[in-house]
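Enquirer: Input model18.pdb, format and content: PDB, C-alpha atoms.
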ATOM      1  CA  MET P   1       4.467  -9.176  -5.100  1.00  0.00           C
ATOM      2  CA  SER P   2       6.336  -5.862  -5.214  1.00  0.00           C
ATOM      3  CA  GLN P   3       8.634  -4.472  -2.547  1.00  0.00           C
ATOM      4  CA  GLN P   4       5.877  -2.075  -1.449  1.00  0.00           C
ATOM      5  CA  GLU P   5       3.319  -4.864  -1.164  1.00  0.00           C
ATOM      6  CA  LYS P   6       5.707  -6.884   1.000  1.00  0.00           C
ATOM      7  CA  THR P   7       6.316  -3.913   3.284  1.00  0.00           C
ATOM      8  CA  ILE P   8       2.562  -3.301   3.581  1.00  0.00           C
ATOM      9  CA  THR P   9       1.901  -6.985   4.357  1.00  0.00           C
ATOM     10  CA  VAL P  10       4.554  -7.052   7.094  1.00  0.00           C
ATOM     11  CA  SER P  11       3.220  -3.766   8.479  1.00  0.00           C
ATOM     12  CA  PHE P  12      -0.360  -5.130   8.399  1.00  0.00           C
ATOM     13  CA  MET P  13       0.606  -8.265  10.327  1.00  0.00           C
ATOM     14  CA  SER P  14       2.475  -6.260  12.946  1.00  0.00           C
ATOM     15  CA  HIS P  15      -0.460  -3.874  13.377  1.00  0.00           C
ATOM     16  CA  ILE P  16      -2.763  -6.849  13.936  1.00  0.00           C
ATOM     17  CA  LEU P  17      -0.369  -8.075  16.657  1.00  0.00           C
ATOM     18  CA  ILE P  18      -0.307  -4.607  18.252  1.00  0.00           C
ATOM     19  CA  LEU P  19      -4.125  -4.473  18.156  1.00  0.00           C
ATOM     20  CA  GLY P  20      -4.283  -7.879  19.837  1.00  0.00           C
ATOM     21  CA  TYR P  21      -1.780  -6.801  22.497  1.00  0.00           C
ATOM     22  CA  TYR P  22      -3.728  -3.583  23.152  1.00  0.00           C
ATOM     23  CA  LEU P  23      -7.123  -5.290  23.380  1.00  0.00           C
ATOM     24  CA  ILE P  24      -5.853  -8.095  25.650  1.00  0.00           C
ATOM     25  CA  ASN P  25      -4.271  -5.552  28.010  1.00  0.00           C
ATOM     26  CA  LEU P  26      -7.334  -3.318  27.928  1.00  0.00           C
ATOM     27  CA  PHE P  27      -9.756  -6.158  28.721  1.00  0.00           C
ATOM     28  CA  GLN P  28      -7.452  -7.432  31.477  1.00  0.00           C
ATOM     29  CA  MET P  29      -7.433  -3.979  33.048  1.00  0.00           C
ATOM     30  CA  MET P  30     -11.227  -3.772  32.803  1.00  0.00           C
ATOM     31  CA  ARG P  31     -11.729  -7.268  34.249  1.00  0.00           C
ATOM     32  CA  ASN P  32      -9.385  -6.606  37.170  1.00  0.00           C
ATOM     33  CA  GLY P  33     -10.909  -3.184  37.767  1.00  0.00           C
ATOM     34  CA  GLU P  34      -7.554  -1.535  37.074  1.00  0.00           C
ATOM     35  CA  LEU P  35      -8.696   0.804  34.328  1.00  0.00           C
ATOM     36  CA  ILE P  36      -7.014   3.863  35.816  1.00  0.00           C
ATOM     37  CA  ALA P  37      -5.459   6.812  34.024  1.00  0.00           C
ATOM     38  CA  THR P  38      -1.785   6.057  34.786  1.00  0.00           C
ATOM     39  CA  ARG P  39      -2.006   2.444  33.569  1.00  0.00           C
ATOM     40  CA  LEU P  40      -4.038   3.315  30.475  1.00  0.00           C
ATOM     41  CA  PHE P  41      -1.695   6.150  29.492  1.00  0.00           C
ATOM     42  CA  GLY P  42       1.259   3.809  30.042  1.00  0.00           C
ATOM     43  CA  LEU P  43      -0.344   1.378  27.592  1.00  0.00           C
ATOM     44  CA  TRP P  44      -1.024   4.285  25.226  1.00  0.00           C
ATOM     45  CA  ALA P  45       2.630   5.340  25.168  1.00  0.00           C
ATOM     46  CA  LEU P  46       3.788   1.745  24.713  1.00  0.00           C
ATOM     47  CA  VAL P  47       1.422   1.143  21.780  1.00  0.00           C
ATOM     48  CA  ILE P  48       2.356   4.393  20.000  1.00  0.00           C
ATOM     49  CA  VAL P  49       6.109   3.817  20.401  1.00  0.00           C
ATOM     50  CA  THR P  50       5.680   0.184  19.259  1.00  0.00           C
ATOM     51  CA  ILE P  51       3.775   1.265  16.116  1.00  0.00           C
ATOM     52  CA  ILE P  52       6.589   3.671  15.160  1.00  0.00           C
ATOM     53  CA  ILE P  53       9.363   1.115  15.810  1.00  0.00           C
ATOM     54  CA  VAL P  54       7.454  -1.710  14.112  1.00  0.00           C
ATOM     55  CA  ASN P  55       6.912   0.392  10.966  1.00  0.00           C
ATOM     56  CA  ILE P  56      10.668   1.002  10.703  1.00  0.00           C
ATOM     57  CA  ILE P  57      11.552  -2.656  11.399  1.00  0.00           C
ATOM     58  CA  ALA P  58       8.887  -3.890   8.931  1.00  0.00           C
ATOM     59  CA  ASN P  59      10.505  -1.825   6.189  1.00  0.00           C
ATOM     60  CA  ILE P  60      13.988  -3.170   6.961  1.00  0.00           C
ATOM     61  CA  LEU P  61      12.731  -6.773   7.210  1.00  0.00           C
ATOM     62  CA  ALA P  62      10.905  -6.536   3.880  1.00  0.00           C
ATOM     63  CA  ASN P  63      14.111  -5.259   2.224  1.00  0.00           C
ATOM     64  CA  ILE P  64      16.203  -8.100   3.671  1.00  0.00           C
ATOM     65  CA  PHE P  65      13.532 -10.662   2.729  1.00  0.00           C
ATOM     66  CA  LEU P  66      13.433  -9.399  -0.866  1.00  0.00           C
ATOM     67  CA  ALA P  67      17.240  -9.536  -1.188  1.00  0.00           C
ATOM     68  CA  ILE P  68      17.316 -13.125   0.168  1.00  0.00           C
ATOM     69  CA  LEU P  69      14.456 -14.184  -2.101  1.00  0.00           C
ATOM     70  CA  HIS P  70      16.167 -12.653  -5.116  1.00  0.00           C
ATOM     71  CA  ALA P  71      19.476 -14.393  -4.263  1.00  0.00           C
ATOM     72  CA  ILE P  72      17.668 -17.751  -3.952  1.00  0.00           C
ATOM     73  CA  LYS P  73      15.813 -17.192  -7.246  1.00  0.00           C
ATOM     74  CA  THR P  74      18.883 -16.184  -9.237  1.00  0.00           C
ATOM     75  CA  GLN P  75      21.298 -18.476  -7.326  1.00  0.00           C
ATOM     76  CA  ARG P  76      23.622 -15.487  -7.060  1.00  0.00           C
ATOM     77  CA  ALA P  77      24.443 -13.097  -4.243  1.00  0.00           C
ATOM     78  CA  GLU P  78      23.908 -10.036  -6.431  1.00  0.00           C
ATOM     79  CA  GLU P  79      21.676  -7.097  -5.630  1.00  0.00           C
ATOM     80  CA  PRO P  80      18.070  -7.212  -6.895  1.00  0.00           C
ATOM     81  CA  PRO P  81      17.346  -4.952  -9.895  1.00  0.00           C
ATOM     82  CA  ALA P  82      16.907  -1.297  -9.036  1.00  0.00           C
ATOM     83  CA  SER P  83      13.351  -1.354 -10.394  1.00  0.00           C
ATOM     84  CA  GLU P  84      12.349  -3.588  -7.461  1.00  0.00           C
ATOM     85  CA  PHE P  85      13.198  -0.861  -4.965  1.00  0.00           C
ATOM     86  CA  ILE P  86      12.014   2.320  -6.637  1.00  0.00           C
ATOM     87  CA  GLU P  87       8.718   3.862  -5.660  1.00  0.00           C
ATOM     88  CA  ASP P  88       6.999   4.913  -8.862  1.00  0.00           C
ATOM     89  CA  GLU P  89       3.874   7.006  -9.507  1.00  0.00           C
ATOM     90  CA  ARG P  90       1.498   4.079  -8.960  1.00  0.00           C
ATOM     91  CA  ASP P  91       3.071   3.265  -5.586  1.00  0.00           C
ATOM     92  CA  LYS P  92       2.785   6.911  -4.522  1.00  0.00           C
ATOM     93  CA  LEU P  93      -0.856   7.081  -5.641  1.00  0.00           C
ATOM     94  CA  ILE P  94      -1.744   3.881  -3.769  1.00  0.00           C
ATOM     95  CA  SER P  95       0.070   5.148  -0.694  1.00  0.00           C
ATOM     96  CA  LEU P  96      -1.960   8.388  -0.836  1.00  0.00           C
ATOM     97  CA  LYS P  97      -5.212   6.450  -1.233  1.00  0.00           C
ATOM     98  CA  GLY P  98      -4.238   4.295   1.779  1.00  0.00           C
ATOM     99  CA  THR P  99      -3.496   7.422   3.820  1.00  0.00           C
ATOM    100  CA  ARG P 100      -6.924   8.801   2.907  1.00  0.00           C
ATOM    101  CA  VAL P 101      -8.597   5.607   4.169  1.00  0.00           C
ATOM    102  CA  SER P 102      -6.545   5.867   7.385  1.00  0.00           C
ATOM    103  CA  TYR P 103      -7.590   9.485   7.926  1.00  0.00           C
ATOM    104  CA  ILE P 104     -11.268   8.696   7.349  1.00  0.00           C
ATOM    105  CA  THR P 105     -11.085   5.782   9.820  1.00  0.00           C
ATOM    106  CA  PHE P 106      -9.297   7.897  12.417  1.00  0.00           C
ATOM    107  CA  SER P 107     -11.750  10.777  11.947  1.00  0.00           C
ATOM    108  CA  LEU P 108     -14.686   8.431  12.557  1.00  0.00           C
ATOM    109  CA  GLY P 109     -12.883   7.088  15.643  1.00  0.00           C
ATOM    110  CA  VAL P 110     -12.347  10.605  16.998  1.00  0.00           C
ATOM    111  CA  LEU P 111     -16.029  11.347  16.376  1.00  0.00           C
ATOM    112  CA  ALA P 112     -17.044   8.168  18.236  1.00  0.00           C
ATOM    113  CA  ALA P 113     -14.689   9.065  21.100  1.00  0.00           C
ATOM    114  CA  MET P 114     -16.156  12.585  21.393  1.00  0.00           C
ATOM    115  CA  LEU P 115     -19.689  11.207  21.218  1.00  0.00           C
ATOM    116  CA  SER P 116     -18.950   8.731  24.006  1.00  0.00           C
ATOM    117  CA  PHE P 117     -17.714  11.621  26.172  1.00  0.00           C
ATOM    118  CA  ALA P 118     -20.708  13.764  25.265  1.00  0.00           C
ATOM    119  CA  LEU P 119     -23.021  10.886  26.202  1.00  0.00           C
ATOM    120  CA  GLY P 120     -21.578  10.782  29.704  1.00  0.00           C
ATOM    121  CA  GLN P 121     -18.943   8.045  29.440  1.00  0.00           C
ATOM    122  CA  PRO P 122     -15.788   8.546  31.541  1.00  0.00           C
ATOM    123  CA  PRO P 123     -12.755  10.218  29.849  1.00  0.00           C
ATOM    124  CA  LEU P 124     -10.830   6.922  29.910  1.00  0.00           C
ATOM    125  CA  VAL P 125     -13.344   5.414  27.473  1.00  0.00           C
ATOM    126  CA  MET P 126     -12.753   8.353  25.167  1.00  0.00           C
ATOM    127  CA  PHE P 127      -8.979   7.873  25.302  1.00  0.00           C
ATOM    128  CA  SER P 128      -9.338   4.104  24.779  1.00  0.00           C
ATOM    129  CA  LEU P 129     -11.447   4.742  21.673  1.00  0.00           C
ATOM    130  CA  LEU P 130      -8.888   7.237  20.374  1.00  0.00           C
ATOM    131  CA  ILE P 131      -5.967   4.809  20.513  1.00  0.00           C
ATOM    132  CA  LEU P 132      -8.145   1.976  19.184  1.00  0.00           C
ATOM    133  CA  SER P 133      -9.171   4.079  16.199  1.00  0.00           C
ATOM    134  CA  SER P 134      -5.551   5.012  15.490  1.00  0.00           C
ATOM    135  CA  ILE P 135      -4.545   1.325  15.331  1.00  0.00           C
ATOM    136  CA  LEU P 136      -7.614   0.479  13.221  1.00  0.00           C
ATOM    137  CA  ALA P 137      -6.773   3.412  10.919  1.00  0.00           C
ATOM    138  CA  GLU P 138      -3.330   1.894  10.262  1.00  0.00           C
ATOM    139  CA  ILE P 139      -4.868  -1.547   9.618  1.00  0.00           C
ATOM    140  CA  PHE P 140      -7.574  -0.247   7.250  1.00  0.00           C
ATOM    141  CA  GLY P 141      -4.956   1.850   5.439  1.00  0.00           C
ATOM    142  CA  ASP P 142      -2.812  -1.272   4.907  1.00  0.00           C
ATOM    143  CA  ILE P 143      -5.793  -3.367   3.749  1.00  0.00           C
ATOM    144  CA  SER P 144      -6.929  -0.710   1.281  1.00  0.00           C
ATOM    145  CA  GLN P 145      -3.417  -0.467  -0.199  1.00  0.00           C
ATOM    146  CA  VAL P 146      -3.220  -4.243  -0.709  1.00  0.00           C
ATOM    147  CA  ILE P 147      -6.654  -4.147  -2.381  1.00  0.00           C
ATOM    148  CA  TYR P 148      -5.558  -1.303  -4.701  1.00  0.00           C
ATOM    149  CA  TYR P 149      -2.407  -3.249  -5.630  1.00  0.00           C
ATOM    150  CA  ARG P 150      -4.362  -6.427  -6.357  1.00  0.00           C
ATOM    151  CA  ARG P 151      -7.539  -5.100  -7.952  1.00  0.00           C
ATOM    152  CA  GLY P 152      -6.152  -2.026  -9.669  1.00  0.00           C
ATOM    153  CA  PHE P 153      -8.000   1.263  -9.991  1.00  0.00           C
TER
ATOM    154  CA  MET E   1     -21.833   7.920 -21.189  1.00  0.00           C
ATOM    155  CA  GLU E   2     -19.926   5.327 -23.184  1.00  0.00           C
ATOM    156  CA  ASN E   3     -17.742   2.983 -21.180  1.00  0.00           C
ATOM    157  CA  ARG E   4     -14.354   4.102 -22.492  1.00  0.00           C
ATOM    158  CA  LYS E   5     -11.096   2.788 -21.097  1.00  0.00           C
ATOM    159  CA  VAL E   6      -7.384   3.429 -21.620  1.00  0.00           C
ATOM    160  CA  ARG E   7      -6.187   0.458 -23.647  1.00  0.00           C
ATOM    161  CA  ASN E   8      -2.689  -0.271 -24.896  1.00  0.00           C
ATOM    162  CA  ASN E   9      -0.522  -2.282 -27.258  1.00  0.00           C
ATOM    163  CA  ILE E  10       2.449  -2.629 -24.920  1.00  0.00           C
ATOM    164  CA  ARG E  11       2.535  -6.411 -25.028  1.00  0.00           C
ATOM    165  CA  LYS E  12       2.623  -6.397 -28.843  1.00  0.00           C
ATOM    166  CA  LEU E  13       5.232  -3.617 -28.947  1.00  0.00           C
ATOM    167  CA  ARG E  14       7.441  -5.451 -26.445  1.00  0.00           C
ATOM    168  CA  PHE E  15       7.256  -8.535 -28.621  1.00  0.00           C
ATOM    169  CA  LEU E  16       8.226  -6.499 -31.685  1.00  0.00           C
ATOM    170  CA  HIS E  17      11.199  -5.009 -29.817  1.00  0.00           C
ATOM    171  CA  ASN E  18      13.262  -8.179 -29.487  1.00  0.00           C
ATOM    172  CA  GLU E  19      10.785  -9.678 -26.999  1.00  0.00           C
ATOM    173  CA  MET E  20      11.609  -7.057 -24.419  1.00  0.00           C
ATOM    174  CA  THR E  21      10.683  -8.166 -20.906  1.00  0.00           C
ATOM    175  CA  GLN E  22       8.474  -6.188 -18.545  1.00  0.00           C
ATOM    176  CA  GLU E  23      11.508  -5.819 -16.296  1.00  0.00           C
ATOM    177  CA  GLN E  24      13.553  -4.238 -19.105  1.00  0.00           C
ATOM    178  CA  LEU E  25      10.746  -1.856 -20.021  1.00  0.00           C
ATOM    179  CA  ALA E  26      10.268  -0.971 -16.348  1.00  0.00           C
ATOM    180  CA  GLU E  27      13.945  -0.087 -15.996  1.00  0.00           C
ATOM    181  CA  ALA E  28      13.898   1.934 -19.217  1.00  0.00           C
ATOM    182  CA  VAL E  29      10.983   4.104 -18.079  1.00  0.00           C
ATOM    183  CA  GLY E  30      11.819   4.255 -14.357  1.00  0.00           C
ATOM    184  CA  ALA E  31       8.844   2.289 -13.081  1.00  0.00           C
ATOM    185  CA  THR E  32       8.419  -1.053 -11.338  1.00  0.00           C
ATOM    186  CA  ARG E  33       7.691  -4.289 -13.211  1.00  0.00           C
ATOM    187  CA  GLN E  34       4.390  -4.496 -11.310  1.00  0.00           C
ATOM    188  CA  THR E  35       3.334  -1.113 -12.672  1.00  0.00           C
ATOM    189  CA  ILE E  36       4.118  -2.168 -16.245  1.00  0.00           C
ATOM    190  CA  ASN E  37       2.138  -5.354 -15.637  1.00  0.00           C
ATOM    191  CA  ALA E  38      -0.810  -3.341 -14.245  1.00  0.00           C
ATOM    192  CA  ILE E  39      -0.733  -1.005 -17.272  1.00  0.00           C
ATOM    193  CA  GLU E  40      -0.600  -3.938 -19.708  1.00  0.00           C
ATOM    194  CA  SER E  41      -3.587  -5.599 -18.114  1.00  0.00           C
ATOM    195  CA  ALA E  42      -5.484  -2.255 -18.086  1.00  0.00           C
ATOM    196  CA  LYS E  43      -5.641  -2.199 -14.288  1.00  0.00           C
ATOM    197  CA  TYR E  44      -3.883   1.144 -14.133  1.00  0.00           C
ATOM    198  CA  ALA E  45      -3.958   4.164 -16.453  1.00  0.00           C
ATOM    199  CA  PRO E  46      -0.473   5.759 -16.360  1.00  0.00           C
ATOM    200  CA  SER E  47       0.255   9.457 -16.052  1.00  0.00           C
ATOM    201  CA  LEU E  48       0.818  11.374 -19.274  1.00  0.00           C
ATOM    202  CA  GLU E  49       4.545  11.562 -18.522  1.00  0.00           C
ATOM    203  CA  LEU E  50       4.938   7.802 -18.052  1.00  0.00           C
ATOM    204  CA  ALA E  51       2.835   7.180 -21.170  1.00  0.00           C
ATOM    205  CA  PHE E  52       5.184   9.431 -23.189  1.00  0.00           C
ATOM    206  CA  ARG E  53       8.246   7.696 -21.730  1.00  0.00           C
ATOM    207  CA  ILE E  54       6.860   4.294 -22.786  1.00  0.00           C
ATOM    208  CA  ALA E  55       6.174   5.604 -26.301  1.00  0.00           C
ATOM    209  CA  LEU E  56       9.733   7.001 -26.444  1.00  0.00           C
ATOM    210  CA  VAL E  57      11.208   3.591 -25.599  1.00  0.00           C
ATOM    211  CA  PHE E  58       9.309   2.005 -28.489  1.00  0.00           C
ATOM    212  CA  GLU E  59      10.000   5.034 -30.733  1.00  0.00           C
ATOM    213  CA  VAL E  60       6.384   5.340 -31.804  1.00  0.00           C
ATOM    214  CA  PRO E  61       3.756   8.086 -31.370  1.00  0.00           C
ATOM    215  CA  LEU E  62       1.718   7.966 -28.177  1.00  0.00           C
ATOM    216  CA  GLU E  63      -1.480   6.974 -29.986  1.00  0.00           C
ATOM    217  CA  GLU E  64       0.208   3.815 -31.260  1.00  0.00           C
ATOM    218  CA  VAL E  65       0.768   2.705 -27.678  1.00  0.00           C
ATOM    219  CA  PHE E  66      -2.390   3.938 -25.979  1.00  0.00           C
ATOM    220  CA  SER E  67      -5.961   4.423 -27.079  1.00  0.00           C
ATOM    221  CA  TYR E  68      -9.100   5.567 -25.313  1.00  0.00           C
ATOM    222  CA  THR E  69     -11.756   3.304 -26.701  1.00  0.00           C
ATOM    223  CA  THR E  70     -14.883   1.363 -25.873  1.00  0.00           C
ATOM    224  CA  GLU E  71     -14.773  -2.423 -25.847  1.00  0.00           C
ATOM    225  CA  ASP E  72     -16.507  -2.557 -29.254  1.00  0.00           C
ATOM    226  CA  GLU E  73     -13.999  -0.173 -30.849  1.00  0.00           C
ATOM    227  CA  ALA E  74     -11.081  -2.153 -29.418  1.00  0.00           C
ATOM    228  CA  LYS E  75     -12.179  -5.360 -31.176  1.00  0.00           C
TER
END
Would you give me this structure, written as structure tokens?

Expert:
Amino acid sequence: MSQQEKTITVSFMSHILILGYYLINLFQMMRNGELIATRLFGLWALVIVTIIIVNIIANILANIFLAILHAIKTQRAEEPPASEFIEDERDKLISLKGTRVSYITFSLGVLAAMLSFALGQPPLVMFSLLILSSILAEIFGDISQVIYYRRGF
Amino acid sequence: MENRKVRNNIRKLRFLHNEMTQEQLAEAVGATRQTINAIESAKYAPSLELAFRIALVFEVPLEEVFSYTTEDEAK
């Protein structure tokens, strides 16, 4: 598994956790009848900030994990070979393909959100769908990248 | 249309070059070992630039490393 694959896997797992956290909070709000703008927007801000921070931490963690794994494998505390850390043309291409999948997912989410509003749903439903689609976009982007790494293209 | 694919002789050429490892080839051409592995197993067709760099490492013309053939022609 390459450095990029490790980073994507860590990022995927953290996005799943964020999705779980968002859905649990959303359903709790709905059940308790507390689905009001201030609380939902608070959750929105928290989720967006968490996604940004988690992406940075996932990258750092994957780097540390790779260095530890390499030290264990070689029984030496030397740095892993430079070729483990470079991002070559294949990595860039897979990253672009993943971004395309994310954009398509998010676009469909935005369309669904607009449709819900057009069909008479309250604005909060539209905003909930928007944030949900942004998390799903990240997850589908990660999954597609792992598939491209494994299956080839 | 015929089912043509980019095929390569990298594994054979590595063997002929003092059993060069994928890691060594990756470092020589500025790619990752996983990319070299994907090229070898025909899961990824490299860019023209990377293909030339690989040929340069083995000091052979490009067509000795890569070919664009059908499965029948490759046999």

Enquirer: Going by the chain IDs and residue numbers used in this file, which residues fall under the ChimeraX specification (/P :<7) & /E? Write them as a ChimeraX atom specification.

Expert: /E:26-27,31-35,43-44

Enquirer: Between P:Ile8, P:Ile36, P:Val101, P:Val47, which is the closest to Asn59 (chain P) once you count all atoms listed in the file?

Expert: P:Ile8

Enquirer: Suppose you want the space between CA of Thr69 (chain E) and CA of Lys5 (chain E); what is it in Å?

Expert: 5.7 Å

Enquirer: Write out as JSON, numbers by chain each polymer residue whose atoms come within 12 Å of Glu40 (chain E), counting all atoms listed in the file; drop sequence neighbours fewer than 3 positions from it.

Expert: {"P": [152], "E": [6, 7, 8, 9, 10, 11, 12, 13, 14, 22, 25, 26, 33, 34, 35, 36, 37, 43, 44, 45, 46, 51, 54, 65, 66]}

Enquirer: Save the residues we just selected, C-alpha atoms, as a compact mmCIF listing (two decimals), in the frame of the given file?

Expert:
# COMPACT_ATOMS: atom_id res chain seq x y z
CA GLY P 152 -6.15 -2.03 -9.67
CA VAL E 6 -7.38 3.43 -21.62
CA ARG E 7 -6.19 0.46 -23.65
CA ASN E 8 -2.69 -0.27 -24.90
CA ASN E 9 -0.52 -2.28 -27.26
CA ILE E 10 2.45 -2.63 -24.92
CA ARG E 11 2.54 -6.41 -25.03
CA LYS E 12 2.62 -6.40 -28.84
CA LEU E 13 5.23 -3.62 -28.95
CA ARG E 14 7.44 -5.45 -26.44
CA GLN E 22 8.47 -6.19 -18.55
CA LEU E 25 10.75 -1.86 -20.02
CA ALA E 26 10.27 -0.97 -16.35
CA ARG E 33 7.69 -4.29 -13.21
CA GLN E 34 4.39 -4.50 -11.31
CA THR E 35 3.33 -1.11 -12.67
CA ILE E 36 4.12 -2.17 -16.24
CA ASN E 37 2.14 -5.35 -15.64
CA LYS E 43 -5.64 -2.20 -14.29
CA TYR E 44 -3.88 1.14 -14.13
CA ALA E 45 -3.96 4.16 -16.45
CA PRO E 46 -0.47 5.76 -16.36
CA ALA E 51 2.84 7.18 -21.17
CA ILE E 54 6.86 4.29 -22.79
CA VAL E 65 0.77 2.70 -27.68
CA PHE E 66 -2.39 3.94 -25.98

Enquirer: With all atoms listed in the file as the basis for distance, which of E:Leu62, E:Ala42, E:Leu16, E:Leu56 is at the shortest distance from Ala28 (chain E)?

Expert: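 When distances to Ala28 (chain E) are compared using all atoms listed in the file, the smallest one comes from E:Leu56.
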
Enquirer: N, CA and C atoms for region 40-59 of chain E, written as a CSV table (one decimal), keeping the file's coordinate frame, could you do that?

Expert:
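See result.csv below for the written result:
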chain,number,residue,atom,x,y,z
E,40,GLU,N,-0.3,-3.0,-18.6
E,40,GLU,CA,-0.6,-3.9,-19.7
E,40,GLU,C,-2.0,-4.6,-19.6
E,41,SER,N,-2.3,-4.9,-18.3
E,41,SER,CA,-3.6,-5.6,-18.1
E,41,SER,C,-4.7,-4.6,-17.9
E,42,ALA,N,-4.5,-3.3,-18.2
E,42,ALA,CA,-5.5,-2.3,-18.1
E,42,ALA,C,-6.1,-2.1,-16.7
E,43,LYS,N,-5.2,-2.4,-15.7
E,43,LYS,CA,-5.6,-2.2,-14.3
E,43,LYS,C,-5.2,-0.8,-13.8
E,44,TYR,N,-4.4,-0.2,-14.5
E,44,TYR,CA,-3.9,1.1,-14.1
E,44,TYR,C,-3.6,2.0,-15.4
E,45,ALA,N,-4.2,3.2,-15.4
E,45,ALA,CA,-4.0,4.2,-16.5
E,45,ALA,C,-2.8,5.1,-16.0
E,46,PRO,N,-1.7,5.0,-16.8
E,46,PRO,CA,-0.5,5.8,-16.4
E,46,PRO,C,-0.6,7.3,-16.5
E,47,SER,N,0.3,8.0,-15.9
E,47,SER,CA,0.3,9.5,-16.1
E,47,SER,C,0.7,9.8,-17.5
E,48,LEU,N,0.4,11.0,-17.9
E,48,LEU,CA,0.8,11.4,-19.3
E,48,LEU,C,2.3,11.2,-19.5
E,49,GLU,N,3.1,11.6,-18.4
E,49,GLU,CA,4.5,11.6,-18.5
E,49,GLU,C,5.0,10.1,-18.7
E,50,LEU,N,4.5,9.2,-17.9
E,50,LEU,CA,4.9,7.8,-18.1
E,50,LEU,C,4.5,7.2,-19.4
E,51,ALA,N,3.3,7.6,-19.9
E,51,ALA,CA,2.8,7.2,-21.2
E,51,ALA,C,3.8,7.6,-22.3
E,52,PHE,N,4.2,8.9,-22.2
E,52,PHE,CA,5.2,9.4,-23.2
E,52,PHE,C,6.5,8.7,-23.1
E,53,ARG,N,7.0,8.4,-21.9
E,53,ARG,CA,8.2,7.7,-21.7
E,53,ARG,C,8.2,6.3,-22.4
E,54,ILE,N,7.0,5.6,-22.2
E,54,ILE,CA,6.9,4.3,-22.8
E,54,ILE,C,6.9,4.4,-24.3
E,55,ALA,N,6.2,5.4,-24.8
E,55,ALA,CA,6.2,5.6,-26.3
E,55,ALA,C,7.6,5.9,-26.8
E,56,LEU,N,8.4,6.7,-26.0
E,56,LEU,CA,9.7,7.0,-26.4
E,56,LEU,C,10.6,5.8,-26.5
E,57,VAL,N,10.4,4.8,-25.6
E,57,VAL,CA,11.2,3.6,-25.6
E,57,VAL,C,10.9,2.8,-26.9
E,58,PHE,N,9.7,2.8,-27.3
E,58,PHE,CA,9.3,2.0,-28.5
E,58,PHE,C,9.5,2.8,-29.8
E,59,GLU,N,9.8,4.1,-29.6
E,59,GLU,CA,10.0,5.0,-30.7
E,59,GLU,C,8.8,5.1,-31.7
